[in-house]
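Below is one structure, written out as structure tokens, with a few remarks after it.
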Amino acid sequence: TQSNTMARRLMVGGNWKCNGTMGFAKSHSTDVLNKLKFDPKKVEVVVAPTALHLSTVMANVSNNVHVATQNLSLTGNGAFTGELSTDMITDAGITHTLTGHSERRTLYGESDADVAKKTKLAADAGLTVLACIGELLEERESGKTKDVNERQLNAIRELCDDWSKIVIAYEPVWAIGTGKTATPEIAQETHAEIREWLGKNVSADAQKNVRILYGGSVTDANAAELIAMPDIDGFLVGGASLK
Ligand code: PGA
């Protein structure tokens with residue numbers, strides 16, 4: 001579509017969540033990721049394995065496939081058991097990260113402020129950040145979708161002036177892992193609202209250039225009709241990225 005072909009490079013991210021083995025990390029890199037056919041000038045391909053599988057994937061994927069962490073620490077190096085600092089992530093040559101995935105928010109209690117801080121830390125460290133937002137089913141049903149997305153975006157806006165490293169992944173929580181994809185029309189409506197928010201709250205440049213990915217039960221069966229929408233700039237894919 002017009003606006004997709006204008007300036008924004010598409011992005012497709014695969015989020016493995018807590019899945020995989022060493023064998024899978026190697027075979028999926030060499031047999032699937034390295035065999036993808038795409039023009040890297042038009043599409044940025046990113047994969048987010050578990051922390052344990054990052055090195056194996058990095059050692060095996062071709063240059064055109066970027067590697068992301070699924071999460072990062074609010075704190076730096078030091079006495080922070082179980083954490084992964086931005087210093088370590090960048091030192092390892094990793095270029096991308098997710099922040100604020102709904103599973104981090106709902107299962108691990110990450111607040112809007114935590115997500116915003118992580119997004120800021122990551123962007124300042126030079127990582128491209130796929131910052132995830134999205135509403136719960138009851139929030140959509142009670143007409144709060146726009147409010148919830150804007151609340152999550154405002155928290156990030158409070159800390160981040162420079163959005164050149166930020167990609168927004170809109171993932172309605174009711175569509176994640178449920179097989180219930182948002183229709184292209186519903187997704188487009190929300191993406192357009194987010195783009196308008198960018199214009200009002202960040203800058204005209206951000207409105208034009210920040211990529212807004214859709215996530216939630218994306219598969220090869222529904223990707224084509226979703227990507228045809230003018231404000232959908234790619235996908236964050238969970239389950240289907242393992243196949
Ligand atoms: P799904 O997950 O594609 O399995 O719905 C998407 C995500 O959580 O990023």
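Note on naming: chains are A, B, ... as they come in the structure tokens, residues start from 1 per chain, ligands start from 1 in the order shown.
Every residue having at least one atom no farther than 6 Å from ligand 1 is included below, with only C-alpha atoms and all ligand atoms taken into account: Asn15, Ala175, Ile176, Gly177, Gly215, Gly216, Ser217, Val218, Leu236, Val237, Gly238, Gly239 and Ala240 of chain A.
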Could you give me, as an mmCIF file with C-alpha atoms, in the first residue's frame, the residues within 9 Å of Ala131 in chain A, counting only C-alpha atoms and dropping anything in the same chain fewer than 2 positions from it?
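Resulting contents of result-v7.cif:
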data_model
loop_
_atom_site.group_PDB
_atom_site.id
_atom_site.type_symbol
_atom_site.label_atom_id
_atom_site.label_comp_id
_atom_site.auth_asym_id
_atom_site.auth_seq_id
_atom_site.Cartn_x
_atom_site.Cartn_y
_atom_site.Cartn_z
ATOM 1 C CA THR A 97 15.185 -6.120 22.138
ATOM 2 C CA LEU A 98 11.556 -6.475 23.072
ATOM 3 C CA THR A 99 10.148 -4.529 25.999
ATOM 4 C CA GLY A 100 6.785 -4.648 27.700
ATOM 5 C CA HIS A 101 5.478 -7.855 26.200
ATOM 6 C CA VAL A 115 8.448 -0.832 30.596
ATOM 7 C CA ALA A 116 9.160 2.820 29.905
ATOM 8 C CA THR A 119 12.624 1.095 26.678
ATOM 9 C CA VAL A 129 13.359 -1.604 20.761
ATOM 10 C CA ILE A 133 1.511 -2.402 24.033
ATOM 11 C CA ILE A 156 7.248 5.703 27.386
ATOM 12 C CA ILE A 166 11.611 2.639 18.945
ATOM 13 C CA VAL A 167 9.237 0.344 17.089
ATOM 14 C CA ILE A 168 5.762 -0.107 18.528
ATOM 15 C CA ALA A 169 4.339 -3.618 18.601
ATOM 16 C CA TYR A 170 0.588 -3.412 19.049
#
10 Å contact set for Val210 in chain A, only C-alpha atoms, chain neighbours under 3 positions out, as an mmCIF file with N, CA and C atoms, in the first residue's frame:
data_model
loop_
_atom_site.group_PDB
_atom_site.id
_atom_site.type_symbol
_atom_site.label_atom_id
_atom_site.label_comp_id
_atom_site.auth_asym_id
_atom_site.auth_seq_id
_atom_site.Cartn_x
_atom_site.Cartn_y
_atom_site.Cartn_z
ATOM 1 N N ALA A 7 8.121 5.253 3.338
ATOM 2 C CA ALA A 7 9.422 5.389 3.969
ATOM 3 C C ALA A 7 9.737 4.249 4.924
ATOM 4 N N ARG A 8 8.738 3.651 5.482
ATOM 5 C CA ARG A 8 8.989 2.739 6.596
ATOM 6 C C ARG A 8 9.378 1.354 6.099
ATOM 7 N N ARG A 9 10.538 0.913 6.609
ATOM 8 C CA ARG A 9 10.963 -0.449 6.278
ATOM 9 C C ARG A 9 10.138 -1.407 7.122
ATOM 10 N N TRP A 163 12.579 8.889 19.421
ATOM 11 C CA TRP A 163 11.874 7.649 19.070
ATOM 12 C C TRP A 163 12.480 6.980 17.833
ATOM 13 N N SER A 164 13.693 7.387 17.447
ATOM 14 C CA SER A 164 14.264 6.825 16.226
ATOM 15 C C SER A 164 14.622 5.349 16.376
ATOM 16 N N LYS A 165 14.819 4.876 17.614
ATOM 17 C CA LYS A 165 15.135 3.452 17.812
ATOM 18 C C LYS A 165 13.919 2.648 18.271
ATOM 19 N N ILE A 166 12.784 3.315 18.384
ATOM 20 C CA ILE A 166 11.611 2.639 18.945
ATOM 21 C C ILE A 166 10.654 2.186 17.845
ATOM 22 N N VAL A 167 10.261 0.932 17.956
ATOM 23 C CA VAL A 167 9.237 0.344 17.089
ATOM 24 C C VAL A 167 8.097 -0.038 18.031
ATOM 25 N N ILE A 168 6.884 0.265 17.669
ATOM 26 C CA ILE A 168 5.762 -0.107 18.528
ATOM 27 C C ILE A 168 5.188 -1.424 18.029
ATOM 28 N N ARG A 195 -0.754 5.987 15.419
ATOM 29 C CA ARG A 195 0.021 6.895 14.567
ATOM 30 C C ARG A 195 -0.377 8.352 14.822
ATOM 31 N N LEU A 198 1.251 9.461 17.929
ATOM 32 C CA LEU A 198 2.666 9.810 17.697
ATOM 33 C C LEU A 198 2.795 11.242 17.201
ATOM 34 N N ASP A 205 7.725 13.775 12.541
ATOM 35 C CA ASP A 205 8.687 12.801 12.036
ATOM 36 C C ASP A 205 8.371 11.399 12.574
ATOM 37 N N ALA A 206 8.082 11.334 13.870
ATOM 38 C CA ALA A 206 7.747 10.034 14.478
ATOM 39 C C ALA A 206 6.456 9.486 13.876
ATOM 40 N N GLN A 207 5.504 10.356 13.650
ATOM 41 C CA GLN A 207 4.233 9.914 13.081
ATOM 42 C C GLN A 207 4.460 9.260 11.714
ATOM 43 N N LEU A 213 4.037 -2.432 14.466
ATOM 44 C CA LEU A 213 3.842 -3.837 14.113
ATOM 45 C C LEU A 213 2.559 -4.336 14.749
ATOM 46 N N ASP A 233 2.975 -2.077 9.728
ATOM 47 C CA ASP A 233 4.327 -2.063 9.141
ATOM 48 C C ASP A 233 5.080 -3.361 9.385
#
Residues at most 8 Å from range 16-20 of chain A, counting only C-alpha atoms, excluding those fewer than 5 positions away in the same chain, as a PDB file with C-alpha atoms, in the first residue's frame?
ATOM      1  CA  ALA A  25      18.215 -23.015  18.133  1.00  0.00           C
ATOM      2  CA  VAL A  47      14.366 -13.208  16.071  1.00  0.00           C
ATOM      3  CA  ALA A  48      14.075 -13.211  19.863  1.00  0.00           C
ATOM      4  CA  PRO A  49      15.204 -16.534  21.311  1.00  0.00           C
ATOM      5  CA  THR A  50      15.469 -17.200  25.041  1.00  0.00           C
ATOM      6  CA  HIS A  53      19.724 -19.670  23.072  1.00  0.00           C
ATOM      7  CA  GLN A  70      12.999 -10.739  24.979  1.00  0.00           C
ATOM      8  CA  GLY A 238       4.935 -15.876  18.605  1.00  0.00           C
ATOM      9  CA  GLY A 239       3.712 -19.405  17.992  1.00  0.00           C
ATOM     10  CA  SER A 241       7.705 -18.190  14.480  1.00  0.00           C
ATOM     11  CA  LEU A 242       8.640 -21.575  15.908  1.00  0.00           C
TER      12      LEU A 242
END
> Restricting the calculation to only C-alpha atoms, which member of A:Glu44, A:Asp162, A:Asp114, A:Asp91 is positioned closest to Leu74 in chain A?
Replying inline: A:Asp114
>> Excluding Asn149 in chain A and its own-chain neighbours fewer than 6 positions away, which residues fall within 10 Å of it when counting only C-alpha atoms? Please give them as a ChimeraX atom specification.
In response: /A:132-135,170-172,190,193-194,197
>> If we count only C-alpha atoms and set the cut-off at 9 Å, which residues sit around Leu137 in chain A, ignoring sequence neighbours fewer than 3 positions away in its own chain? Please answer as a PyMOL selection string.
In response: chain A and resi 140-142+172-175
>> From a backbone DSSP assignment, name each residue in range 127-186 of chain A labelled helix (DSSP H, G or I), as number ranges by chain.
In response: A: 137-141, 145-159, 173-175, 184-186
>> I'd like the interatomic distance between CA of Gln152 in chain A and CA of Ala79 in chain A, to a tenth of an Å.
In response: 29.3 Å
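Put simply, CA of Leu159 in chain A is 25.2 Å away from CA of Gly234 in chain A.
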